[in-house]
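Trainee: mmCIF, C-alpha atoms and all ligand atoms, saved as my_file01.cif, coming up:
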data_structure
#
loop_
_atom_site.label_atom_id
_atom_site.label_comp_id
_atom_site.auth_asym_id
_atom_site.auth_seq_id
_atom_site.Cartn_x
_atom_site.Cartn_y
_atom_site.Cartn_z
CA MET A 10 -12.74 -15.58 -13.27
CA LEU A 11 -12.25 -18.50 -10.91
CA LEU A 12 -8.94 -20.28 -10.91
CA GLU A 13 -8.86 -23.99 -10.16
CA LYS A 14 -6.04 -25.01 -7.88
CA TYR A 15 -4.95 -27.85 -10.17
CA LYS A 16 -3.97 -25.30 -12.83
CA ILE A 17 -1.54 -23.70 -10.39
CA ASP A 18 -0.23 -27.13 -9.44
CA GLU A 19 0.29 -28.15 -13.06
CA HIS A 20 2.22 -24.98 -13.78
CA ASN A 21 4.26 -25.39 -10.59
CA HIS A 22 5.08 -28.96 -11.52
CA ARG A 23 6.65 -27.84 -14.79
CA ALA A 24 8.64 -25.09 -13.07
CA SER A 25 9.68 -27.24 -10.14
CA PRO A 26 13.08 -28.68 -11.22
CA ASP A 27 14.57 -25.26 -12.00
CA HIS A 28 13.10 -23.77 -8.84
CA LYS A 29 14.43 -26.57 -6.66
CA ARG A 30 17.96 -26.06 -7.92
CA ASP A 31 17.80 -22.26 -7.43
CA PHE A 32 16.23 -22.56 -3.99
CA GLU A 33 18.78 -25.04 -2.71
CA PHE A 34 21.58 -22.81 -3.94
CA VAL A 35 20.41 -19.77 -1.97
CA ALA A 36 19.16 -21.75 1.07
CA ALA A 37 22.59 -23.38 1.49
CA LYS A 38 24.05 -20.00 2.46
CA ILE A 39 21.34 -19.05 4.96
CA THR A 40 21.04 -20.36 8.52
CA ASN A 41 17.45 -19.37 9.35
CA THR A 42 15.69 -20.32 6.10
CA LYS A 43 12.61 -21.73 7.82
CA ASP A 44 12.07 -18.57 9.83
CA ILE A 45 12.48 -16.37 6.75
CA LEU A 46 10.04 -18.47 4.73
CA GLN A 47 7.45 -18.23 7.51
CA LYS A 48 7.83 -14.45 7.70
CA LEU A 49 7.49 -14.17 3.93
CA GLU A 50 4.38 -16.33 4.01
CA ASP A 51 2.79 -14.23 6.76
CA PHE A 52 3.50 -10.91 5.07
CA GLN A 53 0.38 -9.73 3.23
CA ILE A 54 0.04 -6.57 1.18
CA ALA A 55 -3.39 -4.99 0.80
CA ILE A 56 -4.58 -4.15 -2.70
CA PRO A 57 -6.54 -0.91 -3.03
CA SER A 58 -9.92 -1.17 -4.70
CA TRP A 59 -8.91 1.54 -7.19
CA ALA A 60 -5.91 -0.39 -8.51
CA LEU A 61 -7.72 -3.07 -10.50
CA GLY A 62 -8.63 -0.78 -13.37
CA THR A 63 -6.39 1.08 -15.77
CA GLY A 64 -5.25 4.37 -14.33
CA GLY A 65 -4.56 7.52 -16.23
CA THR A 66 -3.29 11.04 -16.12
CA ARG A 67 -5.08 14.32 -16.72
CA PHE A 68 -4.20 13.83 -20.38
CA GLY A 69 -6.04 10.59 -20.88
CA ARG A 70 -6.81 7.08 -19.87
CA PHE A 71 -6.50 4.04 -22.07
CA SER A 72 -8.44 1.02 -20.90
CA GLY A 73 -6.93 -2.39 -21.41
CA GLY A 74 -10.31 -4.11 -21.36
CA GLY A 75 -11.96 -6.51 -18.94
CA GLU A 76 -11.79 -4.04 -16.07
CA PRO A 77 -13.93 -4.81 -13.03
CA ARG A 78 -17.28 -3.03 -13.29
CA ASN A 79 -18.20 -3.07 -9.62
CA LEU A 80 -16.88 -3.84 -6.16
CA GLU A 81 -17.70 -7.53 -6.47
CA GLU A 82 -15.57 -7.85 -9.61
CA LYS A 83 -12.76 -5.90 -7.97
CA MET A 84 -12.79 -8.33 -5.10
CA GLU A 85 -12.82 -11.18 -7.58
CA ASP A 86 -9.64 -9.76 -9.14
CA VAL A 87 -7.92 -9.38 -5.76
CA GLY A 88 -9.05 -12.91 -4.93
CA LEU A 89 -7.49 -14.17 -8.15
CA LEU A 90 -4.27 -12.33 -7.36
CA HIS A 91 -4.23 -13.79 -3.86
CA ALA A 92 -4.87 -17.31 -5.13
CA ILE A 93 -1.81 -16.92 -7.35
CA ASN A 94 0.65 -15.15 -5.05
CA LYS A 95 -0.82 -15.88 -1.58
CA SER A 96 0.43 -12.45 -0.54
CA SER A 97 -2.52 -10.17 -1.33
CA GLY A 98 -5.03 -11.32 1.26
CA ALA A 99 -6.52 -7.90 1.95
CA ILE A 100 -8.36 -5.15 0.13
CA SER A 101 -8.38 -1.47 0.96
CA LEU A 102 -11.65 0.23 0.02
CA HIS A 103 -12.08 3.73 -1.25
CA ILE A 104 -15.31 5.51 -0.34
CA PRO A 105 -17.34 6.66 -2.26
CA TRP A 106 -15.88 4.87 -5.29
CA ASP A 107 -16.61 1.49 -3.75
CA ILE A 108 -19.47 1.65 -1.29
CA PRO A 109 -20.68 -1.84 -0.40
CA LYS A 110 -24.41 -2.13 -1.13
CA ASN A 111 -24.81 -4.92 1.37
CA ALA A 112 -22.05 -5.23 3.93
CA GLN A 113 -22.93 -8.79 4.91
CA SER A 114 -22.76 -10.15 1.37
CA THR A 115 -19.59 -8.13 0.67
CA LYS A 116 -18.02 -9.67 3.75
CA ALA A 117 -19.15 -13.14 2.72
CA LEU A 118 -17.65 -12.66 -0.75
CA ALA A 119 -14.38 -11.48 0.81
CA ALA A 120 -14.26 -14.55 3.04
CA GLN A 121 -14.82 -16.77 0.00
CA HIS A 122 -11.68 -15.27 -1.57
CA GLY A 123 -9.70 -15.38 1.68
CA LEU A 124 -9.62 -11.58 1.91
CA ARG A 125 -9.94 -9.23 4.85
CA PHE A 126 -10.60 -5.51 4.76
CA ASP A 127 -7.64 -3.28 5.40
CA ALA A 128 -7.80 0.50 5.94
CA VAL A 129 -10.79 2.34 4.48
CA ASN A 130 -9.99 5.54 2.58
CA SER A 131 -12.02 8.74 2.56
CA ASN A 132 -12.22 11.16 -0.33
CA THR A 133 -12.51 14.91 0.07
CA PHE A 134 -10.35 15.70 -2.95
CA GLN A 135 -13.21 15.46 -5.45
CA ASP A 136 -16.77 16.72 -5.54
CA GLN A 137 -19.36 13.97 -5.81
CA PRO A 138 -22.50 14.64 -7.88
CA ASP A 139 -24.83 14.61 -4.87
CA GLN A 140 -22.78 16.69 -2.44
CA GLN A 141 -23.90 20.09 -1.22
CA TYR A 142 -20.63 22.00 -0.87
CA SER A 143 -17.53 22.06 -3.05
CA TYR A 144 -13.98 21.11 -1.99
CA LYS A 145 -12.47 23.44 -4.57
CA PHE A 146 -10.75 25.41 -1.81
CA GLY A 147 -10.12 22.52 0.52
CA SER A 148 -12.10 20.35 2.89
CA LEU A 149 -11.01 20.30 6.55
CA GLN A 150 -9.05 23.54 6.13
CA HIS A 151 -11.95 25.37 4.43
CA VAL A 152 -12.90 28.87 5.60
CA ASP A 153 -16.59 27.85 5.58
CA ARG A 154 -17.67 25.78 8.56
CA SER A 155 -20.35 24.00 6.47
CA VAL A 156 -17.73 22.61 4.09
CA ARG A 157 -15.61 21.44 7.01
CA LYS A 158 -18.60 19.75 8.59
CA GLN A 159 -19.44 17.99 5.34
CA ALA A 160 -15.87 16.63 5.17
CA VAL A 161 -15.97 15.48 8.81
CA ASP A 162 -19.35 13.79 8.30
CA HIS A 163 -18.02 12.01 5.21
CA ASN A 164 -15.06 10.61 7.14
CA ILE A 165 -17.36 9.41 9.92
CA GLU A 166 -19.52 7.75 7.26
CA VAL A 167 -16.40 6.00 5.92
CA ILE A 168 -15.60 4.72 9.42
CA ARG A 169 -19.17 3.36 9.63
CA HIS A 170 -18.69 1.41 6.37
CA GLY A 171 -15.36 0.13 7.65
CA VAL A 172 -16.87 -1.07 10.93
CA GLU A 173 -19.49 -3.05 9.02
CA LEU A 174 -16.78 -4.78 7.01
CA GLY A 175 -14.41 -5.48 9.88
CA SER A 176 -11.82 -2.93 8.83
CA GLU A 177 -9.75 -1.44 11.65
CA SER A 178 -8.22 1.72 10.29
CA LEU A 179 -9.05 4.89 8.40
CA THR A 180 -6.62 6.56 6.01
CA VAL A 181 -7.11 10.28 5.62
CA TRP A 182 -5.35 11.90 2.72
CA LEU A 183 -6.22 15.55 2.25
CA SER A 184 -5.54 17.44 -0.94
CA ASP A 185 -5.99 20.66 1.05
CA GLY A 186 -3.49 23.42 0.51
CA SER A 187 -3.01 26.44 -1.71
CA CYS A 188 -1.83 27.13 -5.23
CA PHE A 189 -0.57 30.69 -4.75
CA PRO A 190 1.21 32.70 -2.10
CA GLY A 191 -1.23 34.70 -0.03
CA GLN A 192 -4.15 32.40 -0.78
CA LEU A 193 -4.09 30.72 2.61
CA ASN A 194 -3.38 31.62 6.21
CA PHE A 195 -1.17 28.64 7.10
CA ARG A 196 -1.86 28.90 10.81
CA LYS A 197 -5.62 29.01 10.42
CA ALA A 198 -5.55 26.22 7.82
CA PHE A 199 -3.58 24.02 10.21
CA GLN A 200 -5.87 24.81 13.16
CA ARG A 201 -9.07 24.14 11.19
CA THR A 202 -7.67 20.92 9.79
CA PHE A 203 -6.61 19.81 13.25
CA GLU A 204 -10.06 20.51 14.67
CA GLY A 205 -11.67 18.51 11.85
CA LEU A 206 -9.30 15.61 12.41
CA GLN A 207 -10.12 15.75 16.12
CA GLU A 208 -13.82 15.30 15.37
CA ILE A 209 -13.06 12.36 13.08
CA TYR A 210 -10.69 10.90 15.68
CA ALA A 211 -13.45 11.08 18.29
CA ALA A 212 -15.61 8.86 16.07
CA LEU A 213 -12.99 6.08 15.84
CA PRO A 214 -13.84 2.80 17.57
CA ASP A 215 -11.45 1.94 20.40
CA HIS A 216 -9.32 -0.57 18.52
CA TRP A 217 -9.09 1.53 15.35
CA LYS A 218 -6.15 3.50 14.00
CA MET A 219 -6.22 6.72 12.03
CA PHE A 220 -3.51 7.13 9.37
CA VAL A 221 -2.67 10.71 8.45
CA GLU A 222 -1.12 10.58 4.98
CA TYR A 223 1.05 13.45 3.79
CA LYS A 224 2.04 14.64 0.35
CA ALA A 225 4.50 17.32 -0.73
CA PHE A 226 2.61 18.76 -3.69
CA GLU A 227 -0.27 18.14 -6.11
CA PRO A 228 -3.05 19.01 -6.57
CA ASN A 229 -1.97 22.12 -4.72
CA PHE A 230 1.33 23.51 -5.93
CA TYR A 231 2.29 26.18 -3.43
CA SER A 232 1.46 24.60 -0.08
CA MET A 233 -0.09 21.40 1.21
CA THR A 234 -1.76 21.48 4.60
CA VAL A 235 -0.41 17.99 5.39
CA GLY A 236 2.69 18.38 3.27
CA ASP A 237 5.38 16.30 4.92
CA TRP A 238 6.06 13.83 7.68
CA GLY A 239 6.72 16.61 10.18
CA GLN A 240 3.26 18.06 9.70
CA SER A 241 1.64 14.64 9.73
CA LEU A 242 3.49 13.74 12.93
CA LEU A 243 2.42 17.03 14.49
CA TYR A 244 -1.23 16.22 13.81
CA ALA A 245 -0.81 12.60 14.95
CA ASN A 246 0.91 13.59 18.19
CA LYS A 247 -1.69 16.20 19.00
CA LEU A 248 -4.58 13.85 18.14
CA GLY A 249 -3.56 10.99 20.41
CA PRO A 250 -2.45 7.36 20.57
CA LYS A 251 -4.77 6.09 17.81
CA ALA A 252 -3.35 8.51 15.23
CA TYR A 253 -0.31 7.63 13.13
CA THR A 254 1.62 8.87 10.14
CA LEU A 255 1.24 7.03 6.86
CA VAL A 256 4.15 7.06 4.44
CA ASP A 257 3.37 6.97 0.73
CA LEU A 258 6.66 6.49 -1.09
CA GLY A 259 5.73 8.82 -3.94
CA HIS A 260 4.65 11.71 -1.72
CA HIS A 261 8.09 13.17 -1.03
CA LEU A 262 10.17 15.78 -2.73
CA ALA A 263 12.82 14.27 -5.00
CA ASN A 264 15.71 12.55 -3.23
CA ALA A 265 14.13 12.69 0.22
CA ASN A 266 15.74 10.17 2.55
CA ILE A 267 12.63 8.07 3.12
CA GLU A 268 14.47 5.36 5.03
CA GLN A 269 15.52 7.89 7.65
CA ILE A 270 11.97 9.22 7.92
CA VAL A 271 10.73 5.66 8.43
CA ALA A 272 13.36 4.94 11.09
CA LEU A 273 12.45 8.02 13.13
CA LEU A 274 8.69 7.57 12.86
CA LEU A 275 9.10 3.96 13.97
CA SER A 276 11.22 4.85 16.95
CA GLU A 277 8.60 7.42 17.99
CA GLY A 278 5.92 4.72 17.75
CA LYS A 279 4.09 6.85 15.21
CA LEU A 280 4.54 4.97 11.94
CA GLY A 281 1.14 3.53 11.07
CA GLY A 282 1.26 2.32 7.54
CA PHE A 283 2.68 2.31 4.08
CA HIS A 284 1.57 3.04 0.56
CA PHE A 285 3.98 1.35 -1.83
CA ASN A 286 4.76 2.58 -5.32
CA ASP A 287 7.81 3.91 -7.13
CA SER A 288 8.68 7.16 -8.83
CA LYS A 289 11.34 8.98 -10.76
CA TYR A 290 10.01 12.53 -10.67
CA GLY A 291 7.06 13.02 -8.34
CA ASP A 292 3.97 11.08 -7.37
CA ASP A 293 4.41 8.88 -10.42
CA ASP A 294 2.63 5.86 -8.89
CA LEU A 295 4.77 3.41 -10.85
CA THR A 296 5.23 -0.28 -10.15
CA VAL A 297 6.98 -0.87 -6.82
CA GLY A 298 10.69 -1.50 -7.31
CA SER A 299 10.67 -0.53 -10.98
CA ILE A 300 12.82 2.60 -10.62
CA ASN A 301 14.73 2.43 -7.37
CA PRO A 302 14.78 -1.06 -5.83
CA TYR A 303 17.81 -0.22 -3.68
CA GLN A 304 15.87 2.53 -1.91
CA LEU A 305 13.06 0.06 -1.31
CA PHE A 306 15.53 -2.35 0.26
CA LEU A 307 17.00 0.39 2.46
CA ILE A 308 13.50 1.29 3.63
CA PHE A 309 12.77 -2.34 4.46
CA ASN A 310 16.07 -2.60 6.24
CA GLU A 311 14.98 0.23 8.55
CA LEU A 312 11.53 -1.28 8.91
CA VAL A 313 12.83 -4.70 9.93
CA GLU A 314 15.50 -3.30 12.25
CA GLY A 315 13.09 -0.78 13.80
CA MET A 316 10.22 -3.23 14.21
CA ASP A 317 12.52 -5.83 15.77
CA ALA A 318 13.88 -3.21 18.18
CA ARG A 319 10.30 -2.61 19.35
CA THR A 320 9.39 -6.35 19.16
CA MET A 321 6.67 -5.59 16.66
CA ASN A 322 4.99 -8.16 14.45
CA HIS A 323 6.17 -7.50 10.89
CA ALA A 324 2.97 -8.77 9.31
CA SER A 325 0.31 -7.18 11.47
CA ASP A 326 1.59 -4.18 13.42
CA LEU A 327 1.78 -1.82 10.45
CA GLY A 328 -0.61 -1.36 7.53
CA TRP A 329 0.92 -2.50 4.23
CA MET A 330 -0.81 -1.28 1.09
CA ILE A 331 -0.03 -0.69 -2.53
CA ASP A 332 -1.01 2.69 -3.93
CA ALA A 333 -0.08 2.73 -7.58
CA SER A 334 -1.66 3.56 -10.90
CA HIS A 335 -1.43 1.23 -13.86
CA ASN A 336 -1.53 3.37 -16.95
CA VAL A 337 0.16 1.23 -19.60
CA LYS A 338 0.35 -2.25 -18.07
CA ASP A 339 -2.32 -4.80 -17.28
CA PRO A 340 -3.26 -3.92 -13.67
CA LEU A 341 -3.12 -7.55 -12.55
CA GLU A 342 0.34 -8.07 -14.01
CA ASP A 343 1.50 -4.76 -12.55
CA LEU A 344 0.23 -5.74 -9.10
CA ILE A 345 1.96 -9.11 -9.34
CA GLN A 346 5.22 -7.27 -10.08
CA SER A 347 4.66 -4.80 -7.22
CA VAL A 348 3.91 -7.47 -4.64
CA GLU A 349 6.94 -9.47 -5.81
CA ALA A 350 9.19 -6.40 -5.49
CA ILE A 351 7.96 -5.77 -1.94
CA LYS A 352 8.57 -9.39 -0.98
CA ILE A 353 12.05 -9.32 -2.51
CA ALA A 354 13.01 -6.17 -0.59
CA TYR A 355 11.58 -7.64 2.61
CA ALA A 356 13.47 -10.91 2.13
CA GLN A 357 16.71 -9.05 1.49
CA ALA A 358 16.19 -6.98 4.64
CA LEU A 359 15.65 -10.20 6.61
CA LEU A 360 19.07 -11.35 5.38
CA VAL A 361 20.93 -8.36 6.78
CA ASP A 362 23.37 -9.41 9.50
CA THR A 363 22.06 -6.92 12.03
CA ARG A 364 24.54 -7.77 14.75
CA ALA A 365 27.50 -7.34 12.44
CA LEU A 366 26.02 -4.09 11.11
CA HIS A 367 25.58 -2.68 14.61
CA ALA A 368 29.18 -3.63 15.44
CA ALA A 369 30.46 -1.96 12.25
CA GLN A 370 28.45 1.17 13.06
CA GLU A 371 29.71 1.32 16.63
CA SER A 372 33.32 1.07 15.46
CA ASN A 373 32.88 3.57 12.60
CA ASP A 374 33.77 0.92 10.03
CA VAL A 375 32.01 2.64 7.15
CA ALA A 376 33.19 0.33 4.39
CA LEU A 377 32.15 -2.79 6.29
CA ALA A 378 28.73 -1.32 7.15
CA GLN A 379 28.08 -0.67 3.47
CA GLU A 380 29.37 -4.13 2.57
CA ILE A 381 26.98 -5.80 5.02
CA LEU A 382 23.97 -4.04 3.54
CA GLN A 383 25.00 -4.72 -0.03
CA GLN A 384 25.77 -8.35 0.72
CA ALA A 385 22.07 -8.77 1.54
CA TYR A 386 20.87 -6.56 -1.31
CA ARG A 387 22.93 -8.40 -3.90
CA THR A 388 21.63 -11.81 -2.89
CA ASP A 389 19.14 -13.20 -5.37
CA VAL A 390 16.28 -13.95 -2.98
CA ARG A 391 13.69 -14.67 -5.67
CA PRO A 392 13.82 -18.44 -5.03
CA LEU A 393 13.07 -17.78 -1.33
CA VAL A 394 10.06 -15.65 -2.22
CA ALA A 395 8.91 -18.31 -4.71
CA GLU A 396 9.35 -21.11 -2.18
CA ALA A 397 7.26 -19.19 0.39
CA ARG A 398 4.54 -18.80 -2.24
CA LEU A 399 4.74 -22.48 -3.11
CA GLN A 400 4.46 -23.55 0.52
CA ALA A 401 1.42 -21.31 0.94
CA GLY A 402 -0.26 -22.96 -2.04
CA GLY A 403 0.45 -20.26 -4.59
CA SER A 404 2.28 -20.15 -7.88
CA LEU A 405 6.02 -20.44 -8.44
CA GLN A 406 5.76 -18.08 -11.41
CA PRO A 407 2.77 -15.74 -11.00
CA LEU A 408 3.31 -13.62 -14.10
CA GLN A 409 3.94 -16.58 -16.38
CA LEU A 410 0.89 -18.34 -14.95
CA VAL A 411 -1.39 -15.35 -15.58
CA ARG A 412 -0.18 -15.25 -19.17
CA SER A 413 -0.42 -18.96 -19.84
CA LEU A 414 -3.97 -19.01 -18.45
CA LYS A 415 -4.86 -16.02 -20.66
CA VAL A 416 -6.43 -14.27 -17.66
CA ARG A 417 -6.94 -10.92 -19.35
CA GLU A 418 -8.49 -12.48 -22.45
CA ASN A 419 -10.90 -14.36 -20.19
CA LEU A 420 -11.79 -11.21 -18.29
CA ILE A 421 -12.44 -9.32 -21.52
CA ARG A 422 -14.72 -12.13 -22.66
CA GLU A 423 -16.59 -12.02 -19.34
CA ARG A 424 -16.80 -8.27 -18.86
CA GLY A 425 -16.28 -6.70 -22.25
CA GLN A 426 -13.58 -4.62 -23.90
CA LYS A 427 -14.86 -1.18 -22.95
CA THR A 428 -15.34 -1.44 -19.20
CA VAL A 429 -14.16 1.31 -16.89
CA ALA A 430 -13.45 0.74 -13.23
CA THR A 431 -14.30 3.49 -10.74
CA GLY A 432 -11.27 5.38 -9.54
CA LEU A 433 -8.87 7.95 -10.83
MN MN B 501 -1.31 7.07 -1.00
#
Represent the structure contained in this file as structure tokens.
Mentor:
Amino acid sequence: MLLEKYKIDEHNHRASPDHKRDFEFVAAKITNTKDILQKLEDFQIAIPSWALGTGGTRFGRFSGGGEPRNLEEKMEDVGLLHAINKSSGAISLHIPWDIPKNAQSTKALAAQHGLRFDAVNSNTFQDQPDQQYSYKFGSLQHVDRSVRKQAVDHNIEVIRHGVELGSESLTVWLSDGSCFPGQLNFRKAFQRTFEGLQEIYAALPDHWKMFVEYKAFEPNFYSMTVGDWGQSLLYANKLGPKAYTLVDLGHHLANANIEQIVALLLSEGKLGGFHFNDSKYGDDDLTVGSINPYQLFLIFNELVEGMDARTMNHASDLGWMIDASHNVKDPLEDLIQSVEAIKIAYAQALLVDTRALHAAQESNDVALAQEILQQAYRTDVRPLVAEARLQAGGSLQPLQLVRSLKVRENLIRERGQKTVATGL
């Protein structure tokens, strides 16, 4: 579905008086509004190619209709999202779910939608119909050298696809681990995995990054071979300067202090990228900011403070991606909400009076330090985020716009009610 710009403008025009009043109210209290708006405009969050369809659990999957049937339609959906929010100008491909048939035409289509290719993702957590060996007992950790080689070759193949598309990073998430005590020799599993990662690392182009993603549990429930940030950092440090840790918010044990993990990885120069989602219990893959928006703000506070301390570019020096599953909501609406939540947390973090916070910390003024953070968190920054979208040519009210244009109904008409997108 193509969206004509005048429809966004018409909708914006109607919403403009209310927005203007709200924006002026919040801008009056901020000194560096222009700078914040520019940063918000520059900040793009990649949409994974598996997020445009309805997700599910092992119990079932309930399609909402009009799901993209191929990579081209997925890119069309991300393009639509980006036209509306001007914040989703990148797509993160999953191989083999979304192998481009013709890289040149896929690239051309991306350019048409104003999209670039973010990290490419490999998959050794499932068996594909045409593959020779099974990953039932792991991939890079496997006791059988042939299985390990198959997994390494697949990752190198993913890099090749990424090179063709202009991607510059590879995300490796391994489901390797064990379900029962005694099943696995931890030391050998680590060593084999490290050797496999080394072979993949050797195939990276010079300017590429490798993101080693960790996860505490699932699908293995006793041990994971890349189970936490310590293990991921160990691999990344041993691999070399192109290897980094990737933090997926849902991949921690309950109540983990993710903001502290982020701060330390950043200060070690080893934080590579982010997978945003939210959770209450485990890897729930819920809409970003839907359960614990304060945690999201605290994470962004560390990100902004840490990146500024290293004079990093907020928009381009780390990989920003959503990794969520939309089981009961329209994926496009869910993504709009997720991107908005990320932008809100980022804007709030930009409002933190860093100098005052440092002074409060250095003088052990605990109450004041908390007050400074919450002053930023309790500011309604939505008009700032909306203004940045407006200035970039997007919509003041993305969710309302999608509904008033009957986007889903149009997609169902175009693609049918019973379409199923590739993915989980
Ligand atoms: Mn992830």
Trainee: Find, counting all atoms listed in the file, the residue in A:Val35, A:Leu118, A:Leu213, A:Leu258 that gets nearest to ligand MN 501 (chain B).
Mentor: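 Going through A:Val35, A:Leu118, A:Leu213, A:Leu258 one by one, the smallest distance to ligand MN 501 (chain B) is for A:Leu258.
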Trainee: For ligand MN 501 (chain B), return the neighbouring residues as a list in words (distance at most 7 Å; all atoms listed in the file).
Mentor: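 Those within range of ligand MN 501 (chain B) are Glu222, Asp257, His284 and Asp332 of chain A.
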Trainee: Could you pull the residues within 12 Å of Val390 in chain A, counting only C-alpha atoms, minus those fewer than 6 positions along the same chain, as a compact mmCIF listing (two decimals) with C-alpha atoms, in the frame of the given file?
Mentor:
# COMPACT_ATOMS: atom_id res chain seq x y z
CA HIS A 28 13.10 -23.77 -8.84
CA ASP A 31 17.80 -22.26 -7.43
CA PHE A 32 16.23 -22.56 -3.99
CA GLU A 33 18.78 -25.04 -2.71
CA PHE A 34 21.58 -22.81 -3.94
CA VAL A 35 20.41 -19.77 -1.97
CA ALA A 36 19.16 -21.75 1.07
CA LYS A 38 24.05 -20.00 2.46
CA ILE A 39 21.34 -19.05 4.96
CA THR A 42 15.69 -20.32 6.10
CA ILE A 45 12.48 -16.37 6.75
CA LEU A 46 10.04 -18.47 4.73
CA LEU A 49 7.49 -14.17 3.93
CA GLU A 349 6.94 -9.47 -5.81
CA ALA A 350 9.19 -6.40 -5.49
CA ILE A 351 7.96 -5.77 -1.94
CA LYS A 352 8.57 -9.39 -0.98
CA ILE A 353 12.05 -9.32 -2.51
CA ALA A 354 13.01 -6.17 -0.59
CA TYR A 355 11.58 -7.64 2.61
CA ALA A 356 13.47 -10.91 2.13
CA GLN A 357 16.71 -9.05 1.49
CA ALA A 358 16.19 -6.98 4.64
CA LEU A 359 15.65 -10.20 6.61
CA LEU A 360 19.07 -11.35 5.38
CA GLN A 384 25.77 -8.35 0.72
CA GLU A 396 9.35 -21.11 -2.18
CA ALA A 397 7.26 -19.19 0.39
Trainee: So, counting all atoms listed in the file, which residue among A:Ala37, A:Ile56, A:Ala324, A:Leu149 is closest to Asn286 in chain A?
Mentor: A:Ile56
Trainee: Write out as a VMD selection string each polymer residue whose atoms come within 10 Å of range 181-197 of chain A, counting all atoms listed in the file; drop sequence neighbours fewer than 3 positions from it.
Mentor: chain A and resid 128 to 135 144 to 152 164 178 200 to 203 206 209 219 to 224 226 to 236 254 to 255
Trainee: Find the residues around Phe285 in chain A up to 10 Å (all atoms listed in the file counted), leave out those fewer than 2 positions away in its own chain, and share them as a list in words.
Mentor: Ile54, Val256, Asp257, Leu258, Gly259, Gly282, Phe283, Asp287, Asp294, Leu295, Thr296, Val297, Gly298, Leu305, Trp329, Met330, Ile331, Asp332, Ala333, Ser347, Val348 and Ile351 of chain A
Trainee: When you look at Ser325 in chain A with a cut-off of 9 Å (counting all atoms listed in the file), what residues show up, excluding the ones that are within fewer than 4 positions of it in the same chain? I need them as number ranges by chain.
Mentor: A: 51-53, 321, 329
Trainee: Restricting the calculation to all atoms listed in the file: of A:His170, A:Thr40, A:Phe309, A:Pro105, which residue gets closest to Pro138 in chain A?
Mentor: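 Using all atoms listed in the file, the shortest distance to Pro138 in chain A belongs to A:Pro105.
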Trainee: Which polymer residues have any atom within 9 Å of an atom of His163 in chain A, counting only C-alpha atoms, with same-chain residues fewer than 3 positions away left out, as a ChimeraX atom specification?
Mentor: /A:104,131-133,158-160,166-168
Trainee: For those residues, write C-alpha atoms to a file as an mmCIF file, keeping the file's coordinate frame.
Mentor:
data_model
loop_
_atom_site.group_PDB
_atom_site.id
_atom_site.type_symbol
_atom_site.label_atom_id
_atom_site.label_comp_id
_atom_site.auth_asym_id
_atom_site.auth_seq_id
_atom_site.Cartn_x
_atom_site.Cartn_y
_atom_site.Cartn_z
ATOM 1 C CA ILE A 104 -15.310 5.510 -0.340
ATOM 2 C CA SER A 131 -12.020 8.740 2.560
ATOM 3 C CA ASN A 132 -12.220 11.160 -0.330
ATOM 4 C CA THR A 133 -12.510 14.910 0.070
ATOM 5 C CA LYS A 158 -18.600 19.750 8.590
ATOM 6 C CA GLN A 159 -19.440 17.990 5.340
ATOM 7 C CA ALA A 160 -15.870 16.630 5.170
ATOM 8 C CA GLU A 166 -19.520 7.750 7.260
ATOM 9 C CA VAL A 167 -16.400 6.000 5.920
ATOM 10 C CA ILE A 168 -15.600 4.720 9.420
#
Trainee: Take CA of Lys29 in chain A and CA of His91 in chain A and report the distance between them in Å, one decimal.
Mentor: 22.8 Å
Trainee: May I ask which of the residues A:Asp18, A:Ala211, A:Leu420, A:Asp27 is the closest one to Pro392 in chain A, counting only C-alpha atoms?
Mentor: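 Of all the options, A:Asp27 lies closest to Pro392 in chain A.
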Trainee: Please measure the separation of CA of Trp59 in chain A and CA of Ala112 in chain A, giving the value in Å to one decimal.
Mentor: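 Taking CA of Trp59 in chain A as the start and CA of Ala112 in chain A as the end point, the length is 18.5 Å.
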Trainee: May I ask for the distance between CA of Gly403 in chain A and CA of Pro57 in chain A, given in Å to one decimal place?
Mentor: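 So the answer is 20.6 Å.
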Trainee: Could you tell me which of A:Arg398, A:Arg387, A:His20, A:Lys48 comes closest to Asn322 in chain A if we count all atoms listed in the file?
Mentor: A:Lys48
Trainee: Can you work out which one of A:Leu344, A:Val337, A:Leu307, A:Leu273 has the shortest atom-to-atom distance to Val361 in chain A, counting all atoms listed in the file?
Mentor: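 Result for the nearest residue to Val361 in chain A: A:Leu307.
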Trainee: Given the point (-16.2, -0.7, -6.1) in the file's coordinates, find the residues that have an atom at most 10 Å from it, counting all atoms listed in the file, and give them as a ChimeraX atom specification.
Mentor: /A:58-59,61,77-84,102-110,430-432
